[in-house]
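Peer 1: The structure file start18.txt (compact mmCIF, C-alpha atoms) is provided below.
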# COMPACT_ATOMS: atom_id res chain seq x y z
CA MET A 1 4.56 26.97 -0.68
CA THR A 2 1.06 26.81 -2.16
CA VAL A 3 -1.89 27.20 0.20
CA LEU A 4 -4.84 24.97 -0.59
CA SER A 5 -8.52 25.62 -0.33
CA ASP A 6 -10.33 22.73 1.32
CA THR A 7 -13.16 23.04 -1.16
CA THR A 8 -10.99 22.55 -4.26
CA ALA A 9 -8.52 19.85 -3.33
CA ASP A 10 -8.57 16.17 -2.44
CA THR A 11 -5.74 13.87 -1.40
CA LEU A 12 -3.85 11.25 -3.42
CA ARG A 13 -1.62 8.70 -1.71
CA PHE A 14 1.01 7.34 -4.09
CA ALA A 15 4.25 5.37 -3.92
CA THR A 16 7.35 5.23 -6.08
CA ALA A 17 9.04 1.94 -6.85
CA GLY A 18 11.52 0.38 -9.24
CA SER A 19 14.96 -1.19 -9.37
CA VAL A 20 18.17 0.17 -7.87
CA ASP A 21 19.42 3.44 -9.40
CA ASP A 22 16.38 3.87 -11.65
CA GLY A 23 16.02 7.37 -10.19
CA LYS A 24 13.11 7.16 -7.77
CA SER A 25 14.47 9.59 -5.20
CA THR A 26 15.59 11.98 -7.92
CA LEU A 27 12.09 11.96 -9.40
CA VAL A 28 10.58 12.69 -5.98
CA GLY A 29 13.09 15.47 -5.40
CA ARG A 30 12.31 16.95 -8.81
CA LEU A 31 8.57 16.84 -8.09
CA LEU A 32 9.08 18.62 -4.78
CA HIS A 33 11.51 21.16 -6.22
CA ASP A 34 9.66 22.06 -9.42
CA SER A 35 6.26 22.23 -7.68
CA LYS A 36 7.84 24.70 -5.23
CA SER A 37 7.16 22.43 -2.26
CA VAL A 38 10.64 22.72 -0.76
CA LEU A 39 11.64 25.35 1.78
CA ALA A 40 14.78 27.44 1.25
CA ASP A 41 16.62 25.91 4.23
CA GLN A 42 15.92 22.41 2.90
CA LEU A 43 17.41 23.34 -0.47
CA GLU A 44 20.47 24.81 1.22
CA ALA A 45 20.96 21.65 3.27
CA VAL A 46 20.77 19.54 0.09
CA ALA A 47 23.21 21.86 -1.70
CA HIS A 48 25.64 21.64 1.22
CA ALA A 49 25.44 17.83 1.34
CA SER A 50 25.94 17.67 -2.43
CA ARG A 51 29.05 19.88 -2.26
CA ASN A 52 30.46 17.61 0.44
CA ARG A 53 30.08 14.72 -2.00
CA GLY A 54 31.93 16.63 -4.71
CA GLN A 55 28.87 17.46 -6.82
CA ASP A 56 28.58 20.81 -8.58
CA THR A 57 24.78 20.88 -8.57
CA PRO A 58 22.30 19.94 -5.81
CA ASP A 59 21.41 16.24 -5.74
CA LEU A 60 17.62 16.37 -5.47
CA ALA A 61 17.50 12.74 -4.33
CA LEU A 62 18.77 13.93 -0.95
CA LEU A 63 15.41 15.61 -0.34
CA THR A 64 13.99 12.18 0.43
CA ASP A 65 17.02 10.11 1.45
CA GLY A 66 17.05 11.23 5.07
CA LEU A 67 19.00 8.48 6.83
CA ARG A 68 22.73 9.03 7.20
CA ALA A 69 23.49 5.65 5.62
CA GLU A 70 21.29 6.59 2.65
CA ARG A 71 23.18 9.83 2.08
CA GLU A 72 26.58 8.14 2.41
CA GLN A 73 25.77 5.23 0.08
CA GLY A 74 23.54 7.08 -2.35
CA ILE A 75 20.73 4.55 -1.95
CA THR A 76 17.26 4.45 -0.41
CA ILE A 77 16.91 2.08 2.56
CA ASP A 78 13.74 3.06 4.39
CA VAL A 79 10.37 4.32 3.16
CA ALA A 80 10.46 8.13 3.06
CA TYR A 81 7.08 9.84 3.37
CA ARG A 82 6.65 13.34 2.00
CA TYR A 83 3.66 15.65 1.98
CA PHE A 84 3.17 18.34 -0.64
CA ALA A 85 0.39 20.12 -2.44
CA THR A 86 -0.54 21.98 -5.61
CA PRO A 87 -3.59 24.19 -6.16
CA ARG A 88 -5.41 21.12 -7.52
CA ARG A 89 -4.62 18.38 -4.99
CA ARG A 90 -2.79 17.28 -1.84
CA PHE A 91 -0.31 14.42 -2.01
CA ILE A 92 1.05 11.85 0.45
CA LEU A 93 4.09 10.27 -1.19
CA ALA A 94 6.01 7.15 -0.17
CA ASP A 95 9.47 6.83 -1.73
CA THR A 96 10.37 3.14 -1.43
CA PRO A 97 13.74 1.35 -1.78
CA GLY A 98 14.82 -0.47 -4.92
CA HIS A 99 17.18 -3.08 -3.46
CA VAL A 100 15.80 -6.61 -3.33
CA GLN A 101 16.51 -6.94 0.41
CA TYR A 102 14.27 -3.91 1.07
CA THR A 103 11.29 -5.21 -0.91
CA ARG A 104 9.37 -5.47 2.38
CA ASN A 105 9.50 -1.66 2.56
CA MET A 106 7.96 -1.42 -0.88
CA VAL A 107 5.08 -3.57 0.38
CA THR A 108 4.63 -1.13 3.26
CA GLY A 109 4.63 1.93 1.04
CA ALA A 110 2.25 0.50 -1.57
CA SER A 111 -0.21 -1.11 0.85
CA THR A 112 -2.15 2.15 1.33
CA ALA A 113 -1.38 3.74 -2.04
CA GLU A 114 -4.00 4.63 -4.64
CA LEU A 115 -1.34 4.95 -7.33
CA THR A 116 2.14 3.54 -7.85
CA VAL A 117 4.82 5.16 -10.00
CA ILE A 118 7.23 2.46 -11.16
CA LEU A 119 10.45 3.69 -12.74
CA VAL A 120 12.68 1.93 -15.25
CA ASP A 121 16.03 3.05 -16.60
CA ALA A 122 15.60 3.61 -20.35
CA ARG A 123 19.00 1.96 -20.91
CA ASN A 124 18.07 -1.25 -19.07
CA GLY A 125 14.32 -1.55 -19.66
CA VAL A 126 12.16 -3.94 -17.63
CA VAL A 127 14.25 -5.97 -15.16
CA GLU A 128 13.39 -8.54 -12.47
CA GLN A 129 12.85 -5.98 -9.72
CA THR A 130 10.53 -4.03 -12.04
CA ARG A 131 8.45 -7.17 -12.46
CA ARG A 132 8.54 -7.90 -8.72
CA HIS A 133 7.32 -4.41 -7.79
CA THR A 134 4.64 -4.58 -10.49
CA ALA A 135 3.42 -7.94 -9.20
CA ILE A 136 3.27 -6.57 -5.66
CA ALA A 137 1.30 -3.51 -6.83
CA ALA A 138 -1.12 -5.82 -8.65
CA LEU A 139 -1.33 -8.13 -5.65
CA LEU A 140 -2.12 -5.15 -3.39
CA ARG A 141 -4.67 -4.05 -5.99
CA VAL A 142 -3.30 -0.53 -6.29
CA PRO A 143 -5.91 1.09 -8.57
CA HIS A 144 -3.52 3.07 -10.81
CA VAL A 145 -0.03 2.39 -12.17
CA VAL A 146 2.33 4.82 -13.91
CA LEU A 147 5.42 3.54 -15.70
CA ALA A 148 7.98 6.33 -15.79
CA VAL A 149 10.67 5.55 -18.36
CA ASN A 150 13.50 7.54 -16.80
CA LYS A 151 16.90 8.73 -18.07
CA MET A 152 15.59 9.35 -21.57
CA ASP A 153 18.39 11.92 -21.91
CA LEU A 154 20.90 9.05 -21.80
CA VAL A 155 19.31 7.36 -24.84
CA ALA A 156 19.11 10.58 -26.88
CA TYR A 157 15.33 10.85 -26.21
CA GLN A 158 14.63 8.11 -28.79
CA GLU A 159 10.96 7.34 -29.23
CA SER A 160 11.75 3.77 -30.37
CA VAL A 161 13.44 2.97 -27.03
CA PHE A 162 10.43 4.28 -25.14
CA ALA A 163 7.93 2.42 -27.33
CA GLU A 164 9.71 -0.92 -26.92
CA ILE A 165 9.77 -0.64 -23.11
CA ALA A 166 6.14 0.50 -22.99
CA GLU A 167 4.99 -2.45 -25.10
CA GLU A 168 6.86 -5.02 -23.02
CA TYR A 169 5.64 -3.59 -19.71
CA THR A 170 1.97 -3.18 -20.63
CA ALA A 171 1.92 -6.78 -21.87
CA TYR A 172 3.29 -7.93 -18.51
CA VAL A 173 0.68 -5.94 -16.57
CA LYS A 174 -2.07 -7.37 -18.77
CA GLU A 175 -0.87 -10.88 -17.92
CA LEU A 176 -1.10 -9.98 -14.22
CA GLY A 177 -4.62 -8.65 -14.63
CA GLY A 178 -3.45 -5.28 -13.33
CA PRO A 179 -5.05 -1.89 -14.03
CA GLU A 180 -4.52 0.18 -17.15
CA VAL A 181 -1.01 1.65 -17.23
CA THR A 182 -0.04 5.22 -18.06
CA VAL A 183 3.48 5.29 -19.58
CA ILE A 184 5.44 8.57 -19.46
CA PRO A 185 8.97 9.22 -20.84
CA ILE A 186 10.95 11.39 -18.42
CA SER A 187 14.36 12.58 -17.30
CA ALA A 188 14.12 13.19 -13.57
CA LEU A 189 17.60 14.70 -13.50
CA ALA A 190 16.88 17.22 -16.27
CA GLY A 191 13.23 17.71 -15.39
CA ASP A 192 11.76 16.47 -18.69
CA ASN A 193 8.02 15.63 -18.36
CA VAL A 194 8.11 15.63 -14.56
CA VAL A 195 6.40 18.94 -13.84
CA GLU A 196 7.02 20.79 -17.11
CA PRO A 197 6.59 19.28 -20.62
CA SER A 198 9.82 18.28 -22.32
CA THR A 199 11.15 20.25 -25.28
CA HIS A 200 13.24 17.22 -26.31
CA MET A 201 10.37 14.77 -26.90
CA ASP A 202 7.90 16.46 -29.22
CA TRP A 203 6.77 12.99 -30.29
CA TYR A 204 5.11 12.52 -26.86
CA GLY A 205 1.70 14.12 -26.45
CA GLY A 206 0.61 12.76 -23.06
CA PRO A 207 0.59 14.33 -19.58
CA THR A 208 3.58 15.09 -17.40
CA VAL A 209 3.95 13.08 -14.20
CA LEU A 210 2.52 15.88 -12.06
CA GLU A 211 -0.34 16.57 -14.45
CA HIS A 212 -1.35 12.91 -14.30
CA LEU A 213 -1.07 12.85 -10.50
CA GLU A 214 -3.29 15.92 -10.30
CA THR A 215 -6.02 14.54 -12.57
CA VAL A 216 -6.16 10.78 -11.98
CA PRO A 217 -9.42 9.77 -10.23
CA VAL A 218 -8.84 9.05 -6.55
CA SER A 219 -10.20 5.64 -5.58
CA HIS A 220 -10.12 4.89 -1.84
CA HIS A 221 -12.05 1.63 -2.07
CA LEU A 222 -11.61 -1.56 -4.09
CA ALA A 223 -15.33 -2.31 -4.07
CA PRO A 224 -18.38 -1.37 -1.98
CA CYS A 225 -17.90 -3.03 1.40
CA PRO A 226 -20.33 -3.10 4.33
CA ALA A 227 -19.39 -1.20 7.49
CA ARG A 228 -16.59 -2.59 9.66
CA LEU A 229 -15.35 -1.31 13.04
CA PRO A 230 -12.40 -3.15 14.65
CA VAL A 231 -12.59 -2.47 18.39
CA GLN A 232 -9.35 -0.97 19.69
CA TYR A 233 -10.30 -0.02 23.24
CA VAL A 234 -13.17 -0.34 25.70
CA ILE A 235 -13.91 2.96 27.46
CA ARG A 236 -15.41 2.77 30.96
CA PRO A 237 -14.74 6.01 32.90
CA GLN A 238 -16.80 4.93 35.95
CA THR A 239 -16.83 8.52 37.16
CA ARG A 240 -19.57 10.43 38.92
CA GLU A 241 -20.47 12.15 35.63
CA HIS A 242 -20.41 8.91 33.63
CA PRO A 243 -21.08 6.03 36.05
CA ASP A 244 -22.58 3.66 33.46
CA TYR A 245 -20.76 4.75 30.30
CA ARG A 246 -19.42 1.84 28.23
CA GLY A 247 -18.12 2.71 24.77
CA TYR A 248 -16.19 0.78 22.15
CA ALA A 249 -13.54 2.91 20.46
CA GLY A 250 -11.92 2.31 17.10
CA ARG A 251 -11.35 3.58 13.60
CA ILE A 252 -14.03 2.66 11.08
CA ALA A 253 -12.31 0.51 8.44
CA GLU A 254 -15.12 0.58 5.89
CA GLY A 255 -18.64 1.91 5.37
CA THR A 256 -20.97 3.95 7.56
CA PHE A 257 -22.55 3.28 10.94
CA ARG A 258 -25.75 4.99 12.13
CA VAL A 259 -27.52 5.32 15.46
CA GLY A 260 -30.31 2.74 15.67
CA GLN A 261 -28.59 0.33 13.27
CA GLN A 262 -28.71 -3.40 14.04
CA VAL A 263 -25.18 -4.74 14.41
CA SER A 264 -23.37 -7.96 15.29
CA VAL A 265 -20.21 -8.31 17.35
CA LEU A 266 -17.82 -10.89 15.89
CA PRO A 267 -16.50 -13.49 16.31
CA GLY A 268 -19.14 -14.19 18.98
CA GLY A 269 -22.08 -13.22 16.77
CA ARG A 270 -24.26 -11.52 19.39
CA THR A 271 -26.67 -8.97 17.88
CA THR A 272 -27.67 -5.60 19.30
CA ARG A 273 -28.42 -2.02 18.26
CA ILE A 274 -26.22 1.09 18.14
CA ALA A 275 -27.46 3.37 20.91
CA GLY A 276 -25.05 6.23 20.24
CA ILE A 277 -21.94 7.33 18.35
CA ASP A 278 -19.42 9.79 19.79
CA LEU A 279 -17.05 11.59 17.40
CA LEU A 280 -14.36 13.74 19.07
CA GLY A 281 -16.47 13.75 22.23
CA THR A 282 -19.60 14.94 20.44
CA PRO A 283 -22.67 12.74 19.80
CA VAL A 284 -23.39 12.26 16.07
CA GLU A 285 -26.05 10.39 14.13
CA SER A 286 -23.60 8.65 11.78
CA ALA A 287 -19.88 8.19 11.05
CA GLY A 288 -17.96 6.72 8.12
CA THR A 289 -14.75 5.27 6.75
CA LEU A 290 -11.51 6.18 8.58
CA GLN A 291 -13.25 8.24 11.25
CA SER A 292 -12.22 7.44 14.84
CA VAL A 293 -15.34 6.96 16.93
CA THR A 294 -16.73 5.52 20.14
CA VAL A 295 -19.82 3.37 19.67
CA LEU A 296 -22.36 2.75 22.45
CA LEU A 297 -24.48 -0.39 22.23
CA ALA A 298 -28.02 -0.88 23.49
CA ASP A 299 -27.24 -4.18 25.25
CA ASP A 300 -24.50 -5.02 27.73
CA LEU A 301 -22.44 -7.45 25.66
CA ASP A 302 -19.00 -8.90 26.31
CA VAL A 303 -16.97 -6.86 23.80
CA SER A 304 -13.19 -6.52 23.94
CA ARG A 305 -10.23 -5.36 21.86
CA GLY A 306 -9.98 -7.36 18.64
CA ASP A 307 -13.72 -7.83 18.19
CA LEU A 308 -15.34 -6.57 15.00
CA ILE A 309 -18.62 -4.62 14.94
CA VAL A 310 -20.50 -5.10 11.65
CA PRO A 311 -24.05 -4.64 10.29
CA ALA A 312 -26.14 -7.63 11.36
CA LYS A 313 -27.31 -8.29 7.79
CA ASP A 314 -23.85 -7.88 6.21
CA ALA A 315 -21.53 -9.85 8.49
CA PRO A 316 -18.40 -11.44 6.98
CA ALA A 317 -17.73 -15.15 7.21
CA THR A 318 -16.07 -16.32 10.41
CA THR A 319 -13.49 -19.04 9.84
CA ARG A 320 -10.46 -20.79 11.31
CA GLU A 321 -9.18 -21.75 7.83
CA VAL A 322 -7.69 -18.81 5.93
CA GLU A 323 -6.57 -19.10 2.30
CA ALA A 324 -4.51 -16.19 1.10
CA THR A 325 -1.86 -14.85 -1.22
CA VAL A 326 1.20 -13.62 0.62
CA CYS A 327 4.44 -11.76 0.08
CA HIS A 328 7.08 -13.18 2.40
CA VAL A 329 9.32 -10.38 3.68
CA ALA A 330 11.55 -12.03 6.31
CA ASP A 331 14.95 -13.64 5.84
CA GLN A 332 13.67 -16.69 7.73
CA PRO A 333 11.83 -19.05 5.31
CA LEU A 334 8.12 -19.73 5.75
CA THR A 335 7.38 -23.46 5.76
CA PRO A 336 4.38 -25.76 6.36
CA GLY A 337 4.06 -26.38 10.09
CA HIS A 338 5.44 -22.92 10.91
CA ARG A 339 3.76 -21.57 14.06
CA VAL A 340 3.02 -17.85 13.82
CA LEU A 341 0.88 -15.05 15.19
CA LEU A 342 -1.69 -13.71 12.74
CA LYS A 343 -2.59 -10.05 13.22
CA HIS A 344 -5.85 -9.06 11.54
CA GLY A 345 -7.02 -5.54 12.30
CA THR A 346 -6.87 -5.17 16.08
CA ARG A 347 -7.04 -8.93 16.72
CA THR A 348 -3.99 -11.19 17.09
CA VAL A 349 -4.38 -14.98 17.20
CA LYS A 350 -2.12 -18.01 17.09
CA ALA A 351 -1.95 -19.80 13.73
CA ILE A 352 -0.09 -22.53 11.91
CA VAL A 353 0.90 -22.70 8.23
CA LYS A 354 -0.90 -25.80 6.94
CA ASP A 355 0.19 -25.71 3.31
CA ILE A 356 1.97 -23.66 0.64
CA PRO A 357 0.23 -24.74 -2.57
CA SER A 358 2.25 -22.63 -5.00
CA ARG A 359 4.85 -19.92 -5.58
CA LEU A 360 4.70 -17.33 -8.35
CA THR A 361 7.53 -17.16 -10.88
CA LEU A 362 7.96 -13.50 -11.79
CA ASP A 363 9.55 -13.91 -15.21
CA ASP A 364 6.71 -15.77 -16.95
CA LEU A 365 4.01 -15.71 -14.21
CA SER A 366 3.96 -19.49 -14.05
CA LEU A 367 3.27 -21.36 -10.82
CA TYR A 368 5.78 -23.57 -9.06
CA PRO A 369 3.57 -26.12 -7.24
CA HIS A 370 4.20 -27.04 -3.61
CA PRO A 371 7.58 -25.31 -3.26
CA GLY A 372 7.98 -26.46 0.34
CA GLN A 373 8.89 -22.98 1.53
CA LEU A 374 8.72 -19.30 0.72
CA LEU A 375 11.96 -17.33 0.84
CA ALA A 376 12.39 -13.58 1.31
CA ASN A 377 10.46 -11.61 -1.35
CA ASP A 378 8.63 -14.69 -2.67
CA ILE A 379 4.95 -14.38 -3.58
CA GLY A 380 2.83 -17.47 -3.04
CA ARG A 381 -0.41 -19.02 -1.88
CA VAL A 382 -0.77 -20.30 1.70
CA THR A 383 -3.37 -22.04 3.82
CA LEU A 384 -3.47 -21.10 7.51
CA ARG A 385 -5.26 -22.66 10.47
CA THR A 386 -6.03 -20.28 13.33
CA ALA A 387 -6.52 -21.13 16.99
CA GLU A 388 -9.58 -18.87 17.18
CA PRO A 389 -12.23 -17.98 14.59
CA LEU A 390 -11.58 -14.83 12.54
CA PRO A 391 -14.15 -12.65 10.75
CA VAL A 392 -12.40 -11.87 7.46
CA ASP A 393 -13.41 -10.22 4.20
CA SER A 394 -11.70 -10.97 0.92
CA TYR A 395 -8.97 -8.51 0.01
CA ALA A 396 -10.87 -7.79 -3.21
CA ALA A 397 -13.67 -6.33 -1.07
CA SER A 398 -11.56 -4.49 1.51
CA ARG A 399 -7.85 -3.70 1.69
CA ARG A 400 -8.26 -3.16 5.43
CA THR A 401 -10.31 -6.10 6.70
CA GLY A 402 -9.02 -8.44 3.98
CA SER A 403 -5.35 -8.08 4.91
CA PHE A 404 -3.19 -9.44 7.70
CA ILE A 405 0.41 -9.95 8.73
CA LEU A 406 2.17 -13.01 10.12
CA ILE A 407 4.47 -12.38 13.10
CA ASP A 408 7.22 -14.48 14.66
CA PRO A 409 5.88 -15.30 18.16
CA HIS A 410 9.41 -15.43 19.60
CA ASP A 411 10.79 -12.00 18.70
CA GLY A 412 7.88 -10.10 17.12
CA THR A 413 9.46 -9.92 13.65
CA THR A 414 7.06 -9.38 10.77
CA LEU A 415 7.30 -12.44 8.53
CA THR A 416 4.66 -12.12 5.86
CA ALA A 417 2.06 -9.74 4.45
CA GLY A 418 -1.14 -11.53 3.44
CA MET A 419 -4.23 -10.85 1.35
CA VAL A 420 -7.28 -13.04 1.94
CA GLY A 421 -8.87 -14.80 -1.00
CA GLU A 422 -7.98 -14.59 -4.69
CA SER A 423 -4.69 -13.05 -5.64
CA PHE A 424 -4.65 -10.79 -8.67
CA ALA A 425 -7.61 -9.13 -10.33
CA SER A 426 -8.57 -10.94 -13.51
CA PRO A 427 -9.20 -9.19 -16.83
CA ASP A 428 -11.28 -12.20 -17.79
CA PRO A 429 -13.32 -13.79 -14.95
CA ALA A 430 -13.52 -17.03 -16.92
CA ASN A 431 -9.74 -17.29 -17.15
CA THR A 432 -8.99 -18.73 -13.71
CA ASP A 433 -6.74 -21.73 -13.19
CA ASP A 434 -7.25 -24.56 -10.75
CA ASP A 435 -4.89 -23.13 -8.11
CA GLY A 436 -6.89 -19.94 -7.60
CA TRP A 437 -4.55 -17.56 -9.40
CA ASP A 438 -6.29 -15.04 -11.63
CA PHE A 439 -4.54 -13.95 -14.81
Let me see whether you can do it: turn the structure in this file into structure tokens.

Peer 2:
Amino acid sequence: MTVLSDTTADTLRFATAGSVDDGKSTLVGRLLHDSKSVLADQLEAVAHASRNRGQDTPDLALLTDGLRAEREQGITIDVAYRYFATPRRRFILADTPGHVQYTRNMVTGASTAELTVILVDARNGVVEQTRRHTAIAALLRVPHVVLAVNKMDLVAYQESVFAEIAEEYTAYVKELGGPEVTVIPISALAGDNVVEPSTHMDWYGGPTVLEHLETVPVSHHLAPCPARLPVQYVIRPQTREHPDYRGYAGRIAEGTFRVGQQVSVLPGGRTTRIAGIDLLGTPVESAGTLQSVTVLLADDLDVSRGDLIVPAKDAPATTREVEATVCHVADQPLTPGHRVLLKHGTRTVKAIVKDIPSRLTLDDLSLYPHPGQLLANDIGRVTLRTAEPLPVDSYAASRRTGSFILIDPHDGTTLTAGMVGESFASPDPANTDDDGWDF
């Protein structure tokens, strides 16, 4: 396996998605195999499992389908995370299921991704689940999308088949206001254009899948967002060495905090100054995004888990009325009047669904007004009323402090994934309809 130099590599988080049997797990297995990121004992285990299923050659999909039920049924059920590297970059990969009932897992895998690879079967083209996964990727504002037109070997590597699918798909993404799409013709089973260029498609002059993954710009942020620190834990040792120590621990969601900086603690709004920052037990002058720190404040304020520490001059709005776009992931319908728990960062509050103004129709991107409920895998707009004020950013500004989940208060089931504010990015800011959907 390749050893990386810290000075030459960065990290790309990406997810695979697509309809059932489009070849997602096979593509992942081919990436791992051809980039020499699989150990010999793993290959032997896959070969053994393949022989038990009556296959003459190793089924590379088994490199990611780890659950017993997945191996027996030949499908992906849960999100499979894999870590691999090349001399140019590290990768964190989420292989997500294709079945409609597991769409919630696709939401999980894509929620932290900087790129999504969406596969289509060249024989079937763009289908409903392709459109659903594309809409979710656009809703989650994944910065980069790759359409991998798979199984080109089964359509005799015809350029016309590829071109027709590419045209239809890019038009759909443009309607969504999604990012620019890179379209690559591949055969995951045969290895065409996955790691090595294909000898069967000389009409294609673009990158292979791996080449694109290695060179695409990594974008960790949607837009510049002021510093945000959700408080996870209050540290008070009250020991002889630290009798008066009071620190507020958490992982910085966005931006940079510095000693001496004026900050506010929300939702209360009290203002103070950062007296110190501890990083791994060592005092530092500043700390930034995704670092786990303990912050010491100059004044003795009432701060607890769920509070948000922010720059005093760049505090988000605090509200009890949250308007958002959601993807409903539970079998139980979401209806107006539904009482839920809303988890935002480290804070969980009671809430009620006041209204569901619209539901998105995936085929033509039209809106169905006031549907009365959202069913499993529906995407729609909701208005929520919370029992306590929440400091929220728009999802367009921060994927971390602009997102939330709705939880069933009775059994703790996750019901809905939500994004605060406008839904999809708009290619034309002037082209916004009255219901707040951007296309």

Peer 1: Contacts of A:Ala15 at 12 Å or less, counting only C-alpha atoms, minus same-chain residues fewer than 3 places along, as number ranges by chain?

Peer 2: A: 12, 18, 24-25, 27-28, 79-83, 91-97, 105-119, 133-134, 137, 142-147, 213

Peer 1: If we count only C-alpha atoms and set the cut-off at 7 Å, which residues sit around A:Val149, ignoring sequence neighbours fewer than 4 positions away in its own chain? Please answer as a PyMOL selection string.

Peer 2: chain A and resi 119-122+162+184-186

Peer 1: Which residues come within 12 Å of A:Ile309, counting all atoms listed in the file, excluding same-chain residues fewer than 2 positions away, as a PyMOL selection string?

Peer 2: chain A and resi 226-232+248-257+261-274+294-297+301+303-307+311-316+345-346+391+401

Peer 1: Between atom CA of A:Thr361 and atom CA of A:Gly380, what distance in Å does the model show, to one decimal?

Peer 2: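 Separation between atom CA of A:Thr361 and atom CA of A:Gly380: 9.1 Å.
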
Peer 1: For A:Arg347, which of A:Val293, A:Ala330, A:Ala163, A:Ile405 is the closest residue, counting all atoms listed in the file?

Peer 2: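 For A:Arg347, the nearest of the candidates is A:Ile405.
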
Peer 1: If I take atom CA of A:Leu415 and atom CA of A:Val173, how far is one from the other in Å, to one decimal?

Peer 2: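 Computing it gives 26.8 Å between the two atoms.
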
Peer 1: Any idea what the distance is between atom CA of A:Gly29 and atom CA of A:Ser198?

Peer 2: 17.5 Å

Peer 1: Have a look at A:Asp278, A:Glu323, A:Asp153, A:Glu214 and name the one nearest to A:His200; count all atoms listed in the file.

Peer 2: A:Asp153

Peer 1: Would you list the contacts of A:Asp363 as a list in words, taking every protein, DNA or RNA residue within 9 Å and counting only C-alpha atoms, but skipping same-chain residues closer than 2 positions in sequence?

Peer 2: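 The residues that qualify are Glu128, Arg131, Arg132, Thr361, Leu365 and Ser366 of chain A.
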
Peer 1: Could the residues in this selection be written to a file with C-alpha atoms, as a PDB file, in the coordinates of the input?

Peer 2:
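Output file result.pdb follows:
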ATOM      1  CA  GLU A 128      13.390  -8.540 -12.470  1.00  0.00           C
ATOM      2  CA  ARG A 131       8.450  -7.170 -12.460  1.00  0.00           C
ATOM      3  CA  ARG A 132       8.540  -7.900  -8.720  1.00  0.00           C
ATOM      4  CA  THR A 361       7.530 -17.160 -10.880  1.00  0.00           C
ATOM      5  CA  LEU A 365       4.010 -15.710 -14.210  1.00  0.00           C
ATOM      6  CA  SER A 366       3.960 -19.490 -14.050  1.00  0.00           C
TER       7      SER A 366
END

Peer 1: Residues within 7 Å of A:Val329, please, as a list in words. Count all atoms listed in the file; anything in the same chain fewer than 6 positions from it doesn't count.

Peer 2: Arg104, Ala376, Asn377, Leu415 and Thr416 of chain A
